[in-house]
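Asks: Contents of model-v7.pdb (PDB, C-alpha atoms) are given next:
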MODEL        1
ATOM      1  CA  MET A 570     -16.618  49.799   4.976
ATOM      2  CA  SER A 571     -17.881  46.300   4.119
ATOM      3  CA  ASP A 572     -20.026  45.675   1.053
ATOM      4  CA  ARG A 573     -22.994  45.068   3.356
ATOM      5  CA  LEU A 574     -22.743  48.612   4.618
ATOM      6  CA  LEU A 575     -22.399  50.271   1.206
ATOM      7  CA  PRO A 576     -25.308  51.853  -0.692
ATOM      8  CA  GLU A 577     -26.836  49.751  -3.444
ATOM      9  CA  ARG A 578     -25.946  52.379  -6.024
ATOM     10  CA  PHE A 579     -23.099  54.863  -5.798
ATOM     11  CA  PRO A 580     -23.030  57.423  -7.186
ATOM     12  CA  GLN A 581     -26.650  58.065  -7.991
ATOM     13  CA  PRO A 582     -27.452  59.386 -11.501
ATOM     14  CA  TRP A 583     -28.559  62.715 -10.040
ATOM     15  CA  ALA A 584     -25.237  63.340  -8.296
ATOM     16  CA  SER A 585     -23.221  66.300  -9.591
ATOM     17  CA  ALA A 586     -20.241  65.377  -7.394
ATOM     18  CA  TRP A 587     -19.356  62.554  -5.020
ATOM     19  CA  GLY A 588     -16.525  61.103  -3.011
ATOM     20  CA  GLU A 589     -15.316  59.670   0.274
ATOM     21  CA  ASP A 590     -13.616  61.508   3.125
ATOM     22  CA  ARG A 591     -12.880  60.820   6.779
ATOM     23  CA  PHE A 592     -16.613  60.969   7.556
ATOM     24  CA  GLY A 593     -17.611  58.468   4.856
ATOM     25  CA  LEU A 594     -19.351  58.596   1.477
ATOM     26  CA  TRP A 595     -21.032  61.735   0.205
ATOM     27  CA  MET A 596     -22.954  62.890  -2.865
ATOM     28  CA  ALA A 597     -23.982  66.371  -3.940
ATOM     29  CA  LEU A 598     -27.058  67.480  -5.872
ATOM     30  CA  GLN A 599     -26.844  70.699  -7.889
ATOM     31  CA  ILE A 600     -29.979  72.814  -8.366
ATOM     32  CA  ASN A 601     -29.222  75.940 -10.382
ATOM     33  CA  ASP A 602     -26.092  77.228  -8.615
ATOM     34  CA  VAL A 603     -26.898  75.634  -5.230
ATOM     35  CA  SER A 604     -25.212  72.404  -4.140
ATOM     36  CA  HIS A 605     -26.702  70.240  -1.384
ATOM     37  CA  VAL A 606     -24.627  67.401   0.097
ATOM     38  CA  PHE A 607     -25.951  64.092   1.410
ATOM     39  CA  ARG A 608     -23.989  61.814   3.747
ATOM     40  CA  TRP A 609     -24.231  58.013   3.728
ATOM     41  CA  ILE A 610     -25.547  56.662   7.039
ATOM     42  CA  ALA A 611     -24.683  52.966   7.196
ATOM     43  CA  PRO A 612     -27.043  50.473   8.888
ATOM     44  CA  GLY A 613     -26.427  49.514  12.500
ATOM     45  CA  ARG A 614     -27.786  49.288  16.026
ATOM     46  CA  PHE A 615     -27.914  51.881  18.792
ATOM     47  CA  MET A 616     -29.554  52.681  22.106
ATOM     48  CA  MET A 617     -32.330  55.188  21.466
ATOM     49  CA  GLY A 618     -33.578  57.444  24.251
ATOM     50  CA  SER A 619     -31.775  58.243  27.482
ATOM     51  CA  PRO A 620     -30.657  56.171  30.465
ATOM     52  CA  ASN A 621     -32.225  56.930  33.830
ATOM     53  CA  ASP A 622     -29.142  58.741  35.077
ATOM     54  CA  GLU A 623     -28.815  61.204  32.175
ATOM     55  CA  ALA A 624     -28.991  64.806  33.384
ATOM     56  CA  GLY A 625     -32.159  66.537  32.186
ATOM     57  CA  ARG A 626     -33.921  63.335  31.153
ATOM     58  CA  PHE A 627     -37.693  63.305  30.500
ATOM     59  CA  ASP A 628     -39.752  60.137  30.983
ATOM     60  CA  ARG A 629     -40.836  60.111  27.327
ATOM     61  CA  GLU A 630     -37.238  59.303  26.287
ATOM     62  CA  ASP A 631     -37.704  55.537  26.610
ATOM     63  CA  TYR A 632     -34.349  53.743  26.530
ATOM     64  CA  HIS A 633     -34.345  50.847  24.068
ATOM     65  CA  GLU A 634     -32.243  49.166  21.399
ATOM     66  CA  VAL A 635     -33.081  49.986  17.779
ATOM     67  CA  THR A 636     -31.766  48.295  14.651
ATOM     68  CA  ILE A 637     -31.529  50.316  11.440
ATOM     69  CA  SER A 638     -31.469  47.485   8.915
ATOM     70  CA  ARG A 639     -30.783  49.523   5.772
ATOM     71  CA  GLY A 640     -28.547  52.506   5.265
ATOM     72  CA  PHE A 641     -29.848  55.852   4.027
ATOM     73  CA  TRP A 642     -28.589  59.233   2.868
ATOM     74  CA  LEU A 643     -29.088  62.270   5.091
ATOM     75  CA  GLY A 644     -28.529  65.943   4.376
ATOM     76  CA  GLU A 645     -25.187  67.219   5.632
ATOM     77  CA  THR A 646     -27.062  70.340   6.776
ATOM     78  CA  THR A 647     -30.623  71.436   7.199
ATOM     79  CA  VAL A 648     -32.244  72.781   4.040
ATOM     80  CA  THR A 649     -30.894  76.276   3.478
ATOM     81  CA  GLN A 650     -32.849  79.243   2.196
ATOM     82  CA  ALA A 651     -30.659  79.161  -0.912
ATOM     83  CA  LEU A 652     -31.835  75.632  -1.718
ATOM     84  CA  TRP A 653     -35.470  76.493  -0.996
ATOM     85  CA  GLU A 654     -35.353  79.499  -3.324
ATOM     86  CA  ALA A 655     -33.482  77.543  -6.025
ATOM     87  CA  LEU A 656     -36.711  75.586  -6.495
ATOM     88  CA  GLY A 657     -38.630  78.787  -7.195
ATOM     89  CA  LEU A 658     -40.473  78.712  -3.872
ATOM     90  CA  ASP A 659     -41.292  81.770  -1.774
ATOM     91  CA  ASN A 660     -38.953  81.902   1.199
ATOM     92  CA  PRO A 661     -40.972  81.712   4.455
ATOM     93  CA  SER A 662     -38.016  82.392   6.757
ATOM     94  CA  HIS A 663     -37.957  85.165   9.353
ATOM     95  CA  PHE A 664     -34.144  85.455   9.522
ATOM     96  CA  LYS A 665     -33.384  86.008   5.853
ATOM     97  CA  ASN A 666     -29.988  84.801   4.639
ATOM     98  CA  PRO A 667     -29.210  82.293   1.851
ATOM     99  CA  GLN A 668     -26.857  80.195   4.010
ATOM    100  CA  ARG A 669     -29.137  80.019   7.039
ATOM    101  CA  PRO A 670     -31.711  77.273   7.544
ATOM    102  CA  THR A 671     -35.130  77.590   5.986
ATOM    103  CA  GLU A 672     -37.391  78.176   9.011
ATOM    104  CA  SER A 673     -40.943  79.242   9.783
ATOM    105  CA  VAL A 674     -41.945  76.236   7.681
ATOM    106  CA  SER A 675     -44.631  73.745   8.643
ATOM    107  CA  TRP A 676     -44.575  69.975   8.238
ATOM    108  CA  GLU A 677     -47.483  70.293   5.799
ATOM    109  CA  GLN A 678     -45.674  72.921   3.733
ATOM    110  CA  ILE A 679     -42.652  70.641   3.411
ATOM    111  CA  GLN A 680     -44.831  67.756   2.261
ATOM    112  CA  GLN A 681     -47.057  69.750  -0.074
ATOM    113  CA  GLU A 682     -44.651  72.313  -1.554
ATOM    114  CA  PHE A 683     -40.985  71.552  -1.026
ATOM    115  CA  LEU A 684     -40.730  67.777  -1.480
ATOM    116  CA  PRO A 685     -42.747  67.626  -4.726
ATOM    117  CA  ALA A 686     -40.648  70.451  -6.211
ATOM    118  CA  PHE A 687     -37.396  68.894  -5.013
ATOM    119  CA  ASN A 688     -38.161  65.376  -6.242
ATOM    120  CA  GLN A 689     -39.107  66.697  -9.676
ATOM    121  CA  GLN A 690     -35.452  67.628 -10.222
ATOM    122  CA  HIS A 691     -34.610  64.052 -11.216
ATOM    123  CA  PRO A 692     -36.730  60.892 -11.681
ATOM    124  CA  ASP A 693     -34.428  58.922  -9.346
ATOM    125  CA  LEU A 694     -34.806  61.310  -6.434
ATOM    126  CA  ASN A 695     -36.985  60.141  -3.554
ATOM    127  CA  ALA A 696     -36.328  62.679  -0.839
ATOM    128  CA  ARG A 697     -38.376  62.680   2.356
ATOM    129  CA  LEU A 698     -38.175  63.687   5.993
ATOM    130  CA  PRO A 699     -36.145  61.339   8.186
ATOM    131  CA  TRP A 700     -37.878  59.039  10.613
ATOM    132  CA  GLU A 701     -37.300  59.849  14.262
ATOM    133  CA  ALA A 702     -35.155  56.754  14.888
ATOM    134  CA  GLU A 703     -33.042  57.543  11.823
ATOM    135  CA  TRP A 704     -32.582  61.095  13.041
ATOM    136  CA  GLU A 705     -31.354  60.106  16.506
ATOM    137  CA  TYR A 706     -29.112  57.355  15.114
ATOM    138  CA  ALA A 707     -27.482  59.865  12.763
ATOM    139  CA  CYS A 708     -27.256  62.567  15.434
ATOM    140  CA  ARG A 709     -25.436  60.265  17.846
ATOM    141  CA  ALA A 710     -22.970  59.040  15.196
ATOM    142  CA  GLY A 711     -21.919  56.149  17.396
ATOM    143  CA  THR A 712     -21.932  58.079  20.690
ATOM    144  CA  GLN A 713     -24.114  57.424  23.720
ATOM    145  CA  THR A 714     -23.527  60.691  25.568
ATOM    146  CA  ALA A 715     -26.160  63.403  25.960
ATOM    147  CA  PHE A 716     -24.716  65.242  22.938
ATOM    148  CA  HIS A 717     -22.560  63.909  20.139
ATOM    149  CA  PHE A 718     -19.686  66.002  21.552
ATOM    150  CA  GLY A 719     -20.066  64.867  25.190
ATOM    151  CA  GLU A 720     -22.216  65.235  28.285
ATOM    152  CA  GLN A 721     -22.335  69.034  28.453
ATOM    153  CA  ILE A 722     -23.183  71.799  26.009
ATOM    154  CA  TYR A 723     -21.699  75.278  25.716
ATOM    155  CA  LEU A 724     -22.129  78.080  23.195
ATOM    156  CA  GLN A 725     -19.012  77.032  21.297
ATOM    157  CA  HIS A 726     -20.752  73.729  20.502
ATOM    158  CA  ALA A 727     -24.101  74.884  19.117
ATOM    159  CA  ASN A 728     -26.501  77.772  18.592
ATOM    160  CA  TYR A 729     -28.932  77.656  21.540
ATOM    161  CA  ARG A 730     -30.173  79.852  24.396
ATOM    162  CA  GLY A 731     -26.988  79.363  26.370
ATOM    163  CA  THR A 732     -28.779  78.159  29.503
ATOM    164  CA  TRP A 733     -29.497  74.605  30.638
ATOM    165  CA  GLU A 734     -33.134  75.239  31.635
ATOM    166  CA  TYR A 735     -35.560  77.551  29.833
ATOM    167  CA  LYS A 736     -36.441  80.823  31.521
ATOM    168  CA  SER A 737     -37.983  83.440  29.264
ATOM    169  CA  ASP A 738     -35.907  86.296  30.695
ATOM    170  CA  GLN A 739     -32.551  84.515  30.676
ATOM    171  CA  TRP A 740     -29.979  84.010  27.904
ATOM    172  CA  GLY A 741     -26.382  82.911  28.160
ATOM    173  CA  GLU A 742     -23.712  85.528  27.579
ATOM    174  CA  GLY A 743     -22.888  85.445  23.878
ATOM    175  CA  ALA A 744     -26.122  83.743  22.756
ATOM    176  CA  LEU A 745     -26.986  84.835  19.214
ATOM    177  CA  LYS A 746     -30.786  85.017  19.724
ATOM    178  CA  GLN A 747     -31.346  84.103  16.069
ATOM    179  CA  THR A 748     -30.380  81.447  13.540
ATOM    180  CA  THR A 749     -26.908  81.362  12.073
ATOM    181  CA  ASP A 750     -25.333  80.046   8.867
ATOM    182  CA  VAL A 751     -25.170  76.273   8.583
ATOM    183  CA  LYS A 752     -21.714  74.750   9.210
ATOM    184  CA  ARG A 753     -20.749  77.435  11.722
ATOM    185  CA  TYR A 754     -20.210  74.769  14.410
ATOM    186  CA  PRO A 755     -18.220  71.508  14.234
ATOM    187  CA  CYS A 756     -19.958  68.529  12.633
ATOM    188  CA  ASN A 757     -20.384  65.131  14.281
ATOM    189  CA  ASP A 758     -18.310  62.046  13.445
ATOM    190  CA  TRP A 759     -20.515  61.252  10.438
ATOM    191  CA  GLY A 760     -20.124  64.702   8.896
ATOM    192  CA  LEU A 761     -23.524  66.114   9.917
ATOM    193  CA  TYR A 762     -23.829  69.739  11.026
ATOM    194  CA  ASP A 763     -26.166  71.416  13.533
ATOM    195  CA  MET A 764     -27.789  68.259  14.861
ATOM    196  CA  HIS A 765     -27.972  70.213  18.131
ATOM    197  CA  GLY A 766     -29.439  73.716  18.052
ATOM    198  CA  ASN A 767     -30.000  76.331  15.332
ATOM    199  CA  VAL A 768     -33.458  75.019  14.306
ATOM    200  CA  TRP A 769     -35.711  72.184  15.353
ATOM    201  CA  GLU A 770     -35.969  69.548  12.624
ATOM    202  CA  TRP A 771     -39.256  68.029  11.541
ATOM    203  CA  CYS A 772     -39.381  64.230  11.312
ATOM    204  CA  ALA A 773     -41.841  62.093   9.381
ATOM    205  CA  ASP A 774     -43.347  60.315  12.390
ATOM    206  CA  SER A 775     -46.690  60.835  14.027
ATOM    207  CA  TRP A 776     -46.096  61.559  17.721
ATOM    208  CA  GLN A 777     -46.117  58.742  20.249
ATOM    209  CA  GLN A 778     -45.770  59.745  23.885
ATOM    210  CA  HIS A 779     -43.833  56.568  24.637
ATOM    211  CA  LEU A 780     -41.841  54.375  22.273
ATOM    212  CA  GLY A 781     -41.449  51.539  24.765
ATOM    213  CA  THR A 782     -38.384  49.689  26.016
ATOM    214  CA  ASP A 783     -38.498  46.586  23.786
ATOM    215  CA  MET A 784     -35.847  45.993  21.140
ATOM    216  CA  VAL A 785     -37.163  47.020  17.713
ATOM    217  CA  SER A 786     -35.997  46.992  14.106
ATOM    218  CA  ASP A 787     -36.966  49.752  11.668
ATOM    219  CA  PRO A 788     -39.728  51.065  13.965
ATOM    220  CA  TRP A 789     -41.207  53.282  11.234
ATOM    221  CA  ASN A 790     -42.668  50.146   9.652
ATOM    222  CA  ALA A 791     -45.359  50.357  12.320
ATOM    223  CA  GLN A 792     -46.329  53.798  10.996
ATOM    224  CA  SER A 793     -47.727  54.950   7.699
ATOM    225  CA  ASP A 794     -46.120  57.968   6.042
ATOM    226  CA  ASP A 795     -49.481  58.973   4.621
ATOM    227  CA  ASN A 796     -49.105  62.729   5.171
ATOM    228  CA  GLU A 797     -52.403  62.620   7.043
ATOM    229  CA  SER A 798     -53.266  65.965   8.601
ATOM    230  CA  GLY A 799     -54.223  66.451  12.218
ATOM    231  CA  HIS A 800     -51.634  64.255  13.953
ATOM    232  CA  TYR A 801     -48.841  65.813  15.930
ATOM    233  CA  ARG A 802     -45.482  65.337  14.211
ATOM    234  CA  VAL A 803     -42.099  64.795  15.847
ATOM    235  CA  ILE A 804     -39.412  67.477  16.051
ATOM    236  CA  ARG A 805     -35.808  66.928  17.143
ATOM    237  CA  GLY A 806     -32.582  68.750  17.941
ATOM    238  CA  GLY A 807     -33.399  71.991  19.760
ATOM    239  CA  SER A 808     -33.040  75.520  18.380
ATOM    240  CA  TRP A 809     -31.452  78.936  18.832
ATOM    241  CA  PHE A 810     -34.356  79.916  21.113
ATOM    242  CA  ASP A 811     -34.340  76.852  23.354
ATOM    243  CA  ASP A 812     -32.270  75.620  26.268
ATOM    244  CA  GLY A 813     -29.457  73.103  26.300
ATOM    245  CA  ARG A 814     -31.528  70.438  28.008
ATOM    246  CA  ASP A 815     -33.826  70.321  24.983
ATOM    247  CA  ALA A 816     -30.918  70.027  22.531
ATOM    248  CA  ARG A 817     -29.860  66.596  23.836
ATOM    249  CA  SER A 818     -29.712  63.702  21.357
ATOM    250  CA  ALA A 819     -32.591  61.924  23.125
ATOM    251  CA  TYR A 820     -34.951  64.864  23.564
ATOM    252  CA  ARG A 821     -38.306  64.473  21.806
ATOM    253  CA  TYR A 822     -41.128  66.935  21.224
ATOM    254  CA  ARG A 823     -44.006  67.517  18.801
ATOM    255  CA  TYR A 824     -46.126  70.135  17.052
ATOM    256  CA  GLU A 825     -49.233  70.131  14.917
ATOM    257  CA  PRO A 826     -48.290  69.664  11.244
ATOM    258  CA  ALA A 827     -49.603  73.118  10.285
ATOM    259  CA  TYR A 828     -47.549  74.895  12.966
ATOM    260  CA  ARG A 829     -44.913  77.409  11.842
ATOM    261  CA  PHE A 830     -42.361  79.337  13.859
ATOM    262  CA  ASN A 831     -38.887  80.753  13.321
ATOM    263  CA  THR A 832     -37.353  77.896  15.310
ATOM    264  CA  LEU A 833     -38.612  75.150  12.960
ATOM    265  CA  GLY A 834     -36.683  73.832   9.951
ATOM    266  CA  PHE A 835     -35.913  70.461   8.382
ATOM    267  CA  ARG A 836     -33.295  68.110   6.963
ATOM    268  CA  LEU A 837     -33.705  65.783   3.991
ATOM    269  CA  ALA A 838     -33.307  62.026   3.879
ATOM    270  CA  LEU A 839     -33.290  59.752   0.853
ATOM    271  CA  ALA A 840     -35.063  56.413   0.791
ATOM    272  CA  PRO A 841     -32.984  53.483   2.136
ATOM    273  CA  GLY A 842     -30.769  51.831  -0.427
ATOM    274  CA  GLN A 843     -30.563  54.765  -2.835
TER     275      GLN A 843
ENDMDL
END
Please express the file's structure as structure tokens.

Replies:
Amino acid sequence: MSDRLLPERFPQPWASAWGEDRFGLWMALQINDVSHVFRWIAPGRFMMGSPNDEAGRFDREDYHEVTISRGFWLGETTVTQALWEALGLDNPSHFKNPQRPTESVSWEQIQQEFLPAFNQQHPDLNARLPWEAEWEYACRAGTQTAFHFGEQIYLQHANYRGTWEYKSDQWGEGALKQTTDVKRYPCNDWGLYDMHGNVWEWCADSWQQHLGTDMVSDPWNAQSDDNESGHYRVIRGGSWFDDGRDARSAYRYRYEPAYRFNTLGFRLALAPGQ
């Protein structure tokens, strides 16, 4: 990894452990007896959205080149219930289990309750939700297929409904019909788990129906992360309840920031350069 691609500061003063493995650099934060690992996502370029011939494509998945000019750290997993409770917060989750994702959590609750409590753990912490372009870049991990593991999805790949299209009375044979522990399924090439399925992941962005087809760099600069209420917010990745088509790397959807359901969780990012 060239110096240009390395974080400005490694390890960070808050890190309780750190290292490098076949997926890249990592750092862990310890809160009480709970450790949460972040993976270094180096800067780069990728094709965001889906090409016209991708199976299951929706027209809001505009295909365009995006440059991520600065690297960032991203949670190896979604935020677990163990981490949520380690901050002294009441666990909102429906499927209670320390190693499962925190779910039934709204975008507003993350901004108003979790992030302030989390960032108070160390003055150098600046955790946030990932931007949508960061999320897809990290999910793909250098791939351009519908999923980071290929063009098709099966129940051995991810926790989802087990069908390609959603029909309320149909589930695939062996579908779990609930969340499962993080790290149950193989990670992608950058060491990130459950980027497809288990729970939808809130992103920082206000919803835009179309992102356009022009080349862009750091597209979040056109938005303001002002935590303003009332705007739809982006979700990514699919869930245990949803079909395989909606778990594709390019699939985009949105909910109101106050919305809560047992399919909705989140993953943490750290500000670029940390």

Asks: Just the number, please: distance in Å from atom CA of Cys708 of chain A to atom CA of Gly618 of chain A, one decimal.

Replies: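 Separation of atom CA of Cys708 of chain A and atom CA of Gly618 of chain A: 12.0 Å.
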
Asks: When the PyMOL selection byres ((chain A and resi 647) around 9) is applied to the file above, which residues end up in the set, as a PyMOL selection string?

Replies: chain A and resi 644-646+648-649+669-671+751+762-764+768+770+834-837

Asks: Considering only C-alpha atoms, state which residue in the set A:Glu734, A:Glu577, A:Glu654, A:Asp693 is at the smallest distance from Gly640 of chain A.

Replies: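 Using only C-alpha atoms, Gly640 of chain A sits closest to A:Glu577.
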
Asks: Calculate how many Å separate atom CA of Thr749 of chain A from atom CA of Phe718 of chain A, rounding to one decimal.

Replies: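 Pair atom CA of Thr749 of chain A / atom CA of Phe718 of chain A returns 19.4 Å.
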
Asks: Evaluating the PyMOL selection byres ((chain A and resi 684) around 12) on the displayed file yields which residues, as a ChimeraX atom specification?

Replies: /A:648,652-653,656,658,676-683,685-690,694-698,796,835-839

Asks: Do you know which residues are at most 12 Å from Ser737 of chain A counting all atoms listed in the file, after dropping those on the same chain fewer than 4 positions away, and could you put them as a PyMOL selection string?

Replies: chain A and resi 730+732+741+810-812

Asks: For Glu672 of chain A, which residue among A:Phe615, A:Asn660, A:Ala597, A:Ser775 is the nearest when counting only C-alpha atoms?

Replies: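 Distance minimum relative to Glu672 of chain A lands on A:Asn660.
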
Asks: Could you give me, as a ChimeraX atom specification, the residues that have an atom at most 12 Å away from the point (-23.1, 86.0, 18.4) in the coordinates of the file, using all atoms listed in the file?

Replies: /A:724-725,727-731,740-750,753,809

Asks: Applying 10 Å and only C-alpha atoms, which residues near Tyr824 of chain A remain after dropping the ones on its own chain fewer than 4 positions away? List them as number ranges by chain.

Replies: A: 675-676, 771, 775-776, 800-804, 828-829, 833

Asks: Put those residues in a file: C-alpha atoms, as a PDB file, in the frame of the given file.

Replies:
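Final file, result03.pdb:
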ATOM      1  CA  SER A 675     -44.631  73.745   8.643  1.00  0.00           C
ATOM      2  CA  TRP A 676     -44.575  69.975   8.238  1.00  0.00           C
ATOM      3  CA  TRP A 771     -39.256  68.029  11.541  1.00  0.00           C
ATOM      4  CA  SER A 775     -46.690  60.835  14.027  1.00  0.00           C
ATOM      5  CA  TRP A 776     -46.096  61.559  17.721  1.00  0.00           C
ATOM      6  CA  HIS A 800     -51.634  64.255  13.953  1.00  0.00           C
ATOM      7  CA  TYR A 801     -48.841  65.813  15.930  1.00  0.00           C
ATOM      8  CA  ARG A 802     -45.482  65.337  14.211  1.00  0.00           C
ATOM      9  CA  VAL A 803     -42.099  64.795  15.847  1.00  0.00           C
ATOM     10  CA  ILE A 804     -39.412  67.477  16.051  1.00  0.00           C
ATOM     11  CA  TYR A 828     -47.549  74.895  12.966  1.00  0.00           C
ATOM     12  CA  ARG A 829     -44.913  77.409  11.842  1.00  0.00           C
ATOM     13  CA  LEU A 833     -38.612  75.150  12.960  1.00  0.00           C
TER      14      LEU A 833
END

Asks: Using only C-alpha atoms, which residue out of A:Gly711, A:Asn767, A:Asn621, A:Phe716 lies closest to Asn831 of chain A?

Replies: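 Closest candidate: A:Asn767.
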
Asks: Tell me which protein, DNA and RNA residues are within 9 Å of Glu623 of chain A, counting all atoms listed in the file, leaving out same-chain ones fewer than 5 positions away, and put them as a list in words.

Replies: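 Once the adjacent positions are removed, what remains is Thr714, Ala715 and Glu720 of chain A.
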
Asks: For the file shown, report as a VMD selection string the outcome of the PyMOL selection byres ((chain A and resi 600-603) around 7) at residue level.

Replies: chain A and resid 598 to 599 604 to 605 651 to 652 655

Asks: Just how far from atom CA of Tyr632 of chain A is atom CA of Leu780 of chain A, in Å to one decimal?

Replies: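 Separation of atom CA of Leu780 of chain A and atom CA of Tyr632 of chain A: 8.6 Å.
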
Asks: I'd like to know which of A:Val785, A:Gly807, A:Met617, A:Pro755 is closest to Ser638 of chain A, using all atoms listed in the file.

Replies: A:Val785

Asks: Filtering to all heavy atoms, could segment 756-763 of chain A of the supplied structure be written out as an mmCIF file, in the first residue's frame?

Replies:
data_model
loop_
_atom_site.group_PDB
_atom_site.id
_atom_site.type_symbol
_atom_site.label_atom_id
_atom_site.label_comp_id
_atom_site.auth_asym_id
_atom_site.auth_seq_id
_atom_site.Cartn_x
_atom_site.Cartn_y
_atom_site.Cartn_z
ATOM 1 N N CYS A 756 -16.857 -12.512 4.681
ATOM 2 C CA CYS A 756 -16.678 -11.072 4.456
ATOM 3 C C CYS A 756 -16.272 -10.825 3.009
ATOM 4 O O CYS A 756 -15.954 -11.745 2.257
ATOM 5 C CB CYS A 756 -15.629 -10.506 5.407
ATOM 6 S SG CYS A 756 -13.972 -11.203 5.193
ATOM 7 N N ASN A 757 -16.270 -9.546 2.602
ATOM 8 C CA ASN A 757 -15.791 -9.212 1.262
ATOM 9 C C ASN A 757 -14.272 -9.074 1.270
ATOM 10 O O ASN A 757 -13.612 -9.310 2.287
ATOM 11 C CB ASN A 757 -16.513 -7.976 0.703
ATOM 12 C CG ASN A 757 -16.122 -6.670 1.380
ATOM 13 O OD1 ASN A 757 -15.179 -6.599 2.182
ATOM 14 N ND2 ASN A 757 -16.855 -5.615 1.075
ATOM 15 N N ASP A 758 -13.702 -8.673 0.142
ATOM 16 C CA ASP A 758 -12.240 -8.646 0.003
ATOM 17 C C ASP A 758 -11.576 -7.546 0.824
ATOM 18 O O ASP A 758 -10.333 -7.508 0.885
ATOM 19 C CB ASP A 758 -11.861 -8.490 -1.467
ATOM 20 C CG ASP A 758 -12.088 -9.767 -2.267
ATOM 21 O OD1 ASP A 758 -12.292 -10.828 -1.643
ATOM 22 O OD2 ASP A 758 -12.076 -9.705 -3.510
ATOM 23 N N TRP A 759 -12.357 -6.655 1.417
ATOM 24 C CA TRP A 759 -11.799 -5.631 2.293
ATOM 25 C C TRP A 759 -12.110 -5.900 3.756
ATOM 26 O O TRP A 759 -11.943 -5.027 4.600
ATOM 27 C CB TRP A 759 -12.286 -4.249 1.864
ATOM 28 C CG TRP A 759 -11.715 -3.833 0.533
ATOM 29 C CD1 TRP A 759 -10.733 -4.456 -0.180
ATOM 30 C CD2 TRP A 759 -12.102 -2.687 -0.248
ATOM 31 N NE1 TRP A 759 -10.480 -3.780 -1.343
ATOM 32 C CE2 TRP A 759 -11.290 -2.698 -1.415
ATOM 33 C CE3 TRP A 759 -13.035 -1.675 -0.067
ATOM 34 C CZ2 TRP A 759 -11.408 -1.713 -2.408
ATOM 35 C CZ3 TRP A 759 -13.159 -0.697 -1.055
ATOM 36 C CH2 TRP A 759 -12.342 -0.716 -2.210
ATOM 37 N N GLY A 760 -12.587 -7.115 4.051
ATOM 38 C CA GLY A 760 -12.791 -7.527 5.433
ATOM 39 C C GLY A 760 -14.079 -7.051 6.068
ATOM 40 O O GLY A 760 -14.188 -7.062 7.296
ATOM 41 N N LEU A 761 -15.074 -6.684 5.260
ATOM 42 C CA LEU A 761 -16.343 -6.162 5.762
ATOM 43 C C LEU A 761 -17.420 -7.240 5.695
ATOM 44 O O LEU A 761 -17.604 -7.881 4.657
ATOM 45 C CB LEU A 761 -16.777 -4.948 4.947
ATOM 46 C CG LEU A 761 -15.761 -3.800 4.889
ATOM 47 C CD1 LEU A 761 -16.188 -2.770 3.850
ATOM 48 C CD2 LEU A 761 -15.591 -3.156 6.260
ATOM 49 N N TYR A 762 -18.155 -7.402 6.791
ATOM 50 C CA TYR A 762 -19.166 -8.446 6.893
ATOM 51 C C TYR A 762 -20.571 -7.897 6.682
ATOM 52 O O TYR A 762 -20.871 -6.750 7.041
ATOM 53 C CB TYR A 762 -19.104 -9.100 8.281
ATOM 54 C CG TYR A 762 -17.858 -9.913 8.517
ATOM 55 C CD1 TYR A 762 -16.699 -9.317 9.007
ATOM 56 C CD2 TYR A 762 -17.835 -11.274 8.246
ATOM 57 C CE1 TYR A 762 -15.543 -10.060 9.227
ATOM 58 C CE2 TYR A 762 -16.685 -12.034 8.463
ATOM 59 C CZ TYR A 762 -15.537 -11.416 8.950
ATOM 60 O OH TYR A 762 -14.395 -12.157 9.159
ATOM 61 N N ASP A 763 -21.436 -8.754 6.130
ATOM 62 C CA ASP A 763 -22.881 -8.475 6.023
ATOM 63 C C ASP A 763 -23.194 -7.199 5.254
ATOM 64 O O ASP A 763 -24.158 -6.494 5.579
ATOM 65 C CB ASP A 763 -23.524 -8.406 7.417
ATOM 66 C CG ASP A 763 -23.524 -9.742 8.131
ATOM 67 O OD1 ASP A 763 -23.677 -10.778 7.459
ATOM 68 O OD2 ASP A 763 -23.363 -9.749 9.371
#
